[in-house]
Amino acid sequence: MAVDDNGSGLWTTRNGHGDAMHVGDLDPARPGLEEFKVDEDGSKPSSWMADARTGRIIWSTPANGDNGRGVSGDVWAGSPGAESWSSRVDGVRDPKGTVVASRKPSSINFLSWWDGDPVRELLDGTHIDKYGTSADTRLLTGSGVHSDNGTKATPSLSGDILGDWREEVVWPTTDNTALRIYSTPYETNTRITTLLHDTQYRTALAWQNTACNQPPHPSFFIGDGMTTAPRPTVDTP
Ligand SMILES: [Ca+2]
Ligand SMILES: [Ca+2]
Ligand SMILES: [Ca+2]
């Protein structure tokens with residue numbers, strides 16, 4: 001459901017709890033924000049995308065038990081906008097719900113803007129990979145660190161906290177005596193104001209540290225073919 005800033009309910013799909021939800025400009029060709037979610041209730045659609053303002057379901061996949069993992073983000077330039085995939089649904093879907101690639105990424109967990117291009121990378125366990133339709137490419141292996149929460153494999157934090165718009169990952173050392181911050185070694189020609197200036201992203205950095213963690217999404221599209229990113233008119237406190 002969505003709650004207005006005065007505390008009253010705006011809408012609900014009545015699809016109940018799900019372990020993964022993503023809200024962002026997942027379909028840049030369509031005005032406004034979209035929501036992608038997987039459902040735990042085996043009688044509800046397994047996965048779906050909705051208009052984030054109204055809750056209207058844009059597309060969905062048939063009920064198929066407890067769909068425990070799902071991700072949506074632009075991880076592949078071969079199809080416009082976000083790719084969406086989940087544990088119990090075959091294939092990778094475009095923002096209209098059409099299967100555009102048969103091979104799902106090897107992980108269904110976090111995302112990270114890590115290398116120099118605006119297409120997002122996959123973050124899972126203590127590694128970062130780049131999606132490819134035949135195989136993923138490993139870009140980072142964190143050694144001497146660990147993730148938490150079993151198969152959910154959450155880092156201490158993932159998000160843009162230093163430098164430019166690319167995202168850092170924080171993991172605890174294996175002996176739990178220190179936190180390590182990993183930052184991208186890649187240069188980029190893409191200039192975007194630090195993402196913490198975006199209120200949605202800033203809020204997402206806070207809520208991803210509670211309950212079922214998920215990667216933060218900004219309120220605007222970052223990905224292949226993106227338009228010039230918005231610049232904040234005032235500094236966020
Ligand atoms: Ca949109
Ligand atoms: Ca894409
Ligand atoms: Ca990238």
# chains A, B, ... in the order shown; residues from 1 in each chain; ligands from 1
>>> residues_around(residues="Ser158 (chain A)", least_positions_apart="3", cutoff="7 Å", atoms="only C-alpha atoms", output="compact mmCIF listing (two decimals) with C-alpha atoms, in the first residue's frame")
# COMPACT_ATOMS: atom_id res chain seq x y z
CA PRO A 155 25.72 -5.83 3.37
CA GLU A 167 27.45 3.45 -4.99
CA GLU A 168 29.64 2.25 -2.16
CA VAL A 169 29.22 -1.05 -0.35
CA VAL A 170 29.97 -1.46 3.36
CA PRO A 215 18.75 -1.47 -2.89
>>> residues_near_ligand(ligand="ligand 3", cutoff="7 Å", atoms="only C-alpha atoms and all ligand atoms", output="PyMOL selection string")
chain A and resi 113-121
>>> residues_near_ligand(ligand="ligand 1", cutoff="10 Å", atoms="only C-alpha atoms and all ligand atoms", output="VMD selection string")
chain A and resid 23 to 35 51 to 52 81 to 82 95 219 to 221
>>> write_last_selection(atoms="N, CA and C atoms", output="PDB file, in the first residue's frame")
ATOM      1  N   VAL A  23      10.685   0.588  -6.058  1.00  0.00           N
ATOM      2  CA  VAL A  23       9.945   1.752  -6.537  1.00  0.00           C
ATOM      3  C   VAL A  23      10.929   2.738  -7.155  1.00  0.00           C
ATOM      4  N   GLY A  24      10.711   3.080  -8.399  1.00  0.00           N
ATOM      5  CA  GLY A  24      11.570   4.024  -9.092  1.00  0.00           C
ATOM      6  C   GLY A  24      10.979   4.322 -10.452  1.00  0.00           C
ATOM      7  N   ASP A  25      11.736   5.068 -11.266  1.00  0.00           N
ATOM      8  CA  ASP A  25      11.275   5.265 -12.645  1.00  0.00           C
ATOM      9  C   ASP A  25      11.734   4.045 -13.439  1.00  0.00           C
ATOM     10  N   LEU A  26      10.993   2.951 -13.285  1.00  0.00           N
ATOM     11  CA  LEU A  26      11.382   1.675 -13.893  1.00  0.00           C
ATOM     12  C   LEU A  26      11.079   1.663 -15.381  1.00  0.00           C
ATOM     13  N   ASP A  27      10.088   2.449 -15.786  1.00  0.00           N
ATOM     14  CA  ASP A  27       9.745   2.596 -17.205  1.00  0.00           C
ATOM     15  C   ASP A  27       9.852   4.070 -17.571  1.00  0.00           C
ATOM     16  N   PRO A  28      11.023   4.488 -18.055  1.00  0.00           N
ATOM     17  CA  PRO A  28      11.213   5.917 -18.350  1.00  0.00           C
ATOM     18  C   PRO A  28      10.329   6.402 -19.501  1.00  0.00           C
ATOM     19  N   ALA A  29       9.752   5.475 -20.288  1.00  0.00           N
ATOM     20  CA  ALA A  29       8.870   5.876 -21.390  1.00  0.00           C
ATOM     21  C   ALA A  29       7.453   6.170 -20.887  1.00  0.00           C
ATOM     22  N   ARG A  30       7.207   5.933 -19.620  1.00  0.00           N
ATOM     23  CA  ARG A  30       5.880   6.110 -19.056  1.00  0.00           C
ATOM     24  C   ARG A  30       5.976   7.150 -17.939  1.00  0.00           C
ATOM     25  N   PRO A  31       5.059   8.155 -17.912  1.00  0.00           N
ATOM     26  CA  PRO A  31       5.172   9.216 -16.898  1.00  0.00           C
ATOM     27  C   PRO A  31       5.087   8.660 -15.475  1.00  0.00           C
ATOM     28  N   GLY A  32       5.819   9.241 -14.564  1.00  0.00           N
ATOM     29  CA  GLY A  32       5.732   8.894 -13.156  1.00  0.00           C
ATOM     30  C   GLY A  32       6.563   7.676 -12.776  1.00  0.00           C
ATOM     31  N   LEU A  33       6.398   7.268 -11.534  1.00  0.00           N
ATOM     32  CA  LEU A  33       7.160   6.149 -10.980  1.00  0.00           C
ATOM     33  C   LEU A  33       6.371   4.857 -11.105  1.00  0.00           C
ATOM     34  N   GLU A  34       7.108   3.763 -11.117  1.00  0.00           N
ATOM     35  CA  GLU A  34       6.496   2.448 -11.144  1.00  0.00           C
ATOM     36  C   GLU A  34       6.965   1.648  -9.917  1.00  0.00           C
ATOM     37  N   GLU A  35       6.165   0.646  -9.547  1.00  0.00           N
ATOM     38  CA  GLU A  35       6.496  -0.258  -8.451  1.00  0.00           C
ATOM     39  C   GLU A  35       6.537  -1.684  -8.979  1.00  0.00           C
ATOM     40  N   ASP A  51       1.456   1.230 -11.330  1.00  0.00           N
ATOM     41  CA  ASP A  51       1.623   2.687 -11.291  1.00  0.00           C
ATOM     42  C   ASP A  51       1.767   3.077  -9.819  1.00  0.00           C
ATOM     43  N   ALA A  52       2.909   3.687  -9.462  1.00  0.00           N
ATOM     44  CA  ALA A  52       3.169   3.951  -8.049  1.00  0.00           C
ATOM     45  C   ALA A  52       2.257   5.039  -7.480  1.00  0.00           C
ATOM     46  N   GLY A  81      14.814   0.712 -20.407  1.00  0.00           N
ATOM     47  CA  GLY A  81      14.255   0.752 -19.061  1.00  0.00           C
ATOM     48  C   GLY A  81      14.719  -0.403 -18.193  1.00  0.00           C
ATOM     49  N   ALA A  82      13.968  -0.631 -17.114  1.00  0.00           N
ATOM     50  CA  ALA A  82      14.361  -1.638 -16.132  1.00  0.00           C
ATOM     51  C   ALA A  82      14.103  -3.048 -16.636  1.00  0.00           C
ATOM     52  N   PRO A  95       9.712  -3.323 -19.069  1.00  0.00           N
ATOM     53  CA  PRO A  95       8.714  -2.604 -18.260  1.00  0.00           C
ATOM     54  C   PRO A  95       7.265  -2.834 -18.686  1.00  0.00           C
ATOM     55  N   SER A 219      14.477   8.893  -7.493  1.00  0.00           N
ATOM     56  CA  SER A 219      13.161   9.235  -8.050  1.00  0.00           C
ATOM     57  C   SER A 219      13.217   9.468  -9.551  1.00  0.00           C
ATOM     58  N   PHE A 220      14.419   9.382 -10.133  1.00  0.00           N
ATOM     59  CA  PHE A 220      14.561   9.594 -11.576  1.00  0.00           C
ATOM     60  C   PHE A 220      15.343   8.440 -12.176  1.00  0.00           C
ATOM     61  N   PHE A 221      15.233   8.297 -13.504  1.00  0.00           N
ATOM     62  CA  PHE A 221      15.849   7.152 -14.183  1.00  0.00           C
ATOM     63  C   PHE A 221      17.338   7.367 -14.380  1.00  0.00           C
TER      64      PHE A 221
END
>>> residues_near_ligand(ligand="ligand 2", cutoff="8 Å", atoms="only C-alpha atoms and all ligand atoms", output="list in words")
Gly73, Asp74, Val75, Trp76, Ala77, Gly78, Ser79, Pro80, Gly81, Ala82, Glu83, Asp94, Val119, Gly223 and Asp224 of chain A
>>> atom_distance(atom1="CA of Pro105 (chain A)", atom2="CA of Asn149 (chain A)")
20.9 Å
